[in-house]
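Enquirer: Just dropping this structure here.
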Amino acid sequence: ISYRKGASWIKTMDYFIGRETLQKGLGRYVEKYSYKNASLEDFVACLTDAQKEIDPSSTLDLQKWTDSWLKHQGPNQILVELD
């Protein structure tokens, strides 16, 4: 399950933050952590840095979204409240 969900997360990032940002973040991650140990948080931080570089006004919190989606079993649920 974790491998399938991880692959889905990367595919979602491609649509969510854009191909250019994803490629820049991946490049930064590989360059920074080649031949070293790294964590998911390190990867997300590289994507966040790339996002801020490409769009300085972005308020996306990729770590919060990653924690809520990747680290919990099953799909996300959406709650709609109507006033």
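Naming works like this for the structure tokens: A, B, ... for the chains as they're shown, residue 1 at the start of each chain, ligands 1 onward in shown order.
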Would you list the contacts of Asp67 of chain A as a PDB file with all heavy atoms, in the first residue's frame, taking every protein, DNA or RNA residue within 10 Å and counting only C-alpha atoms, but skipping same-chain residues closer than 4 positions in sequence?

Expert:
```pdb
ATOM      1  N   LEU A  40      11.611  11.703   4.025  1.00  0.00           N
ATOM      2  CA  LEU A  40      10.487  12.276   3.291  1.00  0.00           C
ATOM      3  C   LEU A  40      10.428  13.785   3.502  1.00  0.00           C
ATOM      4  O   LEU A  40      10.191  14.545   2.567  1.00  0.00           O
ATOM      5  CB  LEU A  40       9.173  11.630   3.743  1.00  0.00           C
ATOM      6  CG  LEU A  40       7.885  12.224   3.170  1.00  0.00           C
ATOM      7  CD1 LEU A  40       7.843  12.091   1.654  1.00  0.00           C
ATOM      8  CD2 LEU A  40       6.680  11.549   3.807  1.00  0.00           C
ATOM      9  N   GLU A  41      10.690  14.219   4.720  1.00  0.00           N
ATOM     10  CA  GLU A  41      10.675  15.650   5.039  1.00  0.00           C
ATOM     11  C   GLU A  41      11.727  16.410   4.223  1.00  0.00           C
ATOM     12  O   GLU A  41      11.486  17.537   3.795  1.00  0.00           O
ATOM     13  CB  GLU A  41      10.869  15.878   6.536  1.00  0.00           C
ATOM     14  CG  GLU A  41       9.661  15.501   7.390  1.00  0.00           C
ATOM     15  CD  GLU A  41       9.463  13.995   7.575  1.00  0.00           C
ATOM     16  OE1 GLU A  41      10.415  13.209   7.344  1.00  0.00           O
ATOM     17  OE2 GLU A  41       8.338  13.595   7.919  1.00  0.00           O
ATOM     18  N   LEU A  62       3.177  22.196   1.595  1.00  0.00           N
ATOM     19  CA  LEU A  62       3.316  20.831   1.102  1.00  0.00           C
ATOM     20  C   LEU A  62       3.540  19.829   2.224  1.00  0.00           C
ATOM     21  O   LEU A  62       3.090  18.692   2.138  1.00  0.00           O
ATOM     22  CB  LEU A  62       4.454  20.749   0.087  1.00  0.00           C
ATOM     23  CG  LEU A  62       4.279  21.573  -1.183  1.00  0.00           C
ATOM     24  CD1 LEU A  62       5.499  21.421  -2.076  1.00  0.00           C
ATOM     25  CD2 LEU A  62       3.018  21.182  -1.922  1.00  0.00           C
ATOM     26  N   GLN A  63       4.236  20.238   3.283  1.00  0.00           N
ATOM     27  CA  GLN A  63       4.476  19.311   4.397  1.00  0.00           C
ATOM     28  C   GLN A  63       3.170  18.965   5.104  1.00  0.00           C
ATOM     29  O   GLN A  63       2.925  17.808   5.423  1.00  0.00           O
ATOM     30  CB  GLN A  63       5.479  19.897   5.388  1.00  0.00           C
ATOM     31  CG  GLN A  63       5.927  18.898   6.435  1.00  0.00           C
ATOM     32  CD  GLN A  63       6.621  17.686   5.830  1.00  0.00           C
ATOM     33  OE1 GLN A  63       7.610  17.806   5.129  1.00  0.00           O
ATOM     34  NE2 GLN A  63       6.101  16.508   6.083  1.00  0.00           N
ATOM     35  N   LYS A  71       0.617  10.024   5.360  1.00  0.00           N
ATOM     36  CA  LYS A  71       0.870   9.345   6.628  1.00  0.00           C
ATOM     37  C   LYS A  71      -0.387   8.812   7.302  1.00  0.00           C
ATOM     38  O   LYS A  71      -0.329   8.369   8.445  1.00  0.00           O
ATOM     39  CB  LYS A  71       1.607  10.290   7.577  1.00  0.00           C
ATOM     40  CG  LYS A  71       3.009  10.623   7.078  1.00  0.00           C
ATOM     41  CD  LYS A  71       3.752  11.480   8.049  1.00  0.00           C
ATOM     42  CE  LYS A  71       5.158  11.773   7.549  1.00  0.00           C
ATOM     43  NZ  LYS A  71       5.901  12.591   8.504  1.00  0.00           N
ATOM     44  N   HIS A  72      -1.497   8.838   6.602  1.00  0.00           N
ATOM     45  CA  HIS A  72      -2.745   8.303   7.144  1.00  0.00           C
ATOM     46  C   HIS A  72      -3.319   7.282   6.179  1.00  0.00           C
ATOM     47  O   HIS A  72      -3.252   7.460   4.965  1.00  0.00           O
ATOM     48  CB  HIS A  72      -3.760   9.418   7.397  1.00  0.00           C
ATOM     49  CG  HIS A  72      -3.353  10.311   8.506  1.00  0.00           C
ATOM     50  ND1 HIS A  72      -2.617  11.452   8.305  1.00  0.00           N
ATOM     51  CD2 HIS A  72      -3.544  10.229   9.843  1.00  0.00           C
ATOM     52  CE1 HIS A  72      -2.392  12.037   9.460  1.00  0.00           C
ATOM     53  NE2 HIS A  72      -2.933  11.314  10.404  1.00  0.00           N
TER      54      HIS A  72
END
```

Enquirer: Could you list, as a compact mmCIF listing (two decimals) with C-alpha atoms, in the first residue's frame, every residue within 12 Å of Tyr29 of chain A, counting only C-alpha atoms and ignoring same-chain residues fewer than 3 positions away?

Expert:
```txt
# COMPACT_ATOMS: atom_id res chain seq x y z
CA LEU A 22 8.50 19.01 -9.45
CA GLN A 23 11.51 18.64 -11.76
CA LYS A 24 13.36 21.49 -10.06
CA GLY A 25 12.61 20.02 -6.61
CA LEU A 26 13.66 16.52 -7.68
CA LYS A 32 21.75 17.67 -2.21
CA TYR A 33 21.30 14.09 -0.98
CA SER A 34 23.33 12.01 -3.45
CA TYR A 35 25.11 9.27 -1.52
CA LYS A 36 23.51 10.40 1.75
CA ASN A 37 20.56 9.37 3.85
CA ALA A 38 17.44 11.48 3.42
CA SER A 39 13.90 11.51 4.72
CA LEU A 40 10.49 12.28 3.29
CA GLU A 41 10.68 15.65 5.04
CA ASP A 42 13.93 16.40 3.19
CA PHE A 43 12.24 15.62 -0.13
CA VAL A 44 9.22 17.78 0.67
CA ALA A 45 11.51 20.62 1.77
CA CYS A 46 13.27 20.52 -1.63
CA LEU A 47 9.89 20.68 -3.38
CA THR A 48 8.82 23.56 -1.14
CA ASP A 49 12.03 25.47 -1.90
CA ALA A 50 11.48 24.94 -5.63
```

Enquirer: Find the residues around Leu60 of chain A up to 10 Å (only C-alpha atoms counted), leave out those fewer than 6 positions away in its own chain, and share them as a PyMOL selection string.

Expert: chain A and resi 16-17+48+51-52

Enquirer: Identify which of the residues A:Val30, A:Glu81, A:Trp65, A:Gln73 lies closest to Trp9 of chain A, counting only C-alpha atoms when measuring atom-to-atom distances.

Expert: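 Using only C-alpha atoms, the shortest distance to Trp9 of chain A belongs to A:Trp65.
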
Enquirer: Out of chain A, which residues get helix (DSSP H, G or I) from DSSP, as number ranges by chain?

Expert: A: 2-16, 19-33, 40-54, 62-70

Enquirer: Would you pick out the contacts of Thr12 of chain A at 12 Å or less, using only C-alpha atoms, so that residues sharing its chain but fewer than 6 positions from it are not included, and give the list as a ChimeraX atom specification?

Expert: /A:5-6,18-19,22,62,65-66,69-70

Enquirer: Can you tell me how far atom CA of Glu20 of chain A sits from atom CA of Ile54 of chain A, in Å to one decimal?

Expert: 8.5 Å
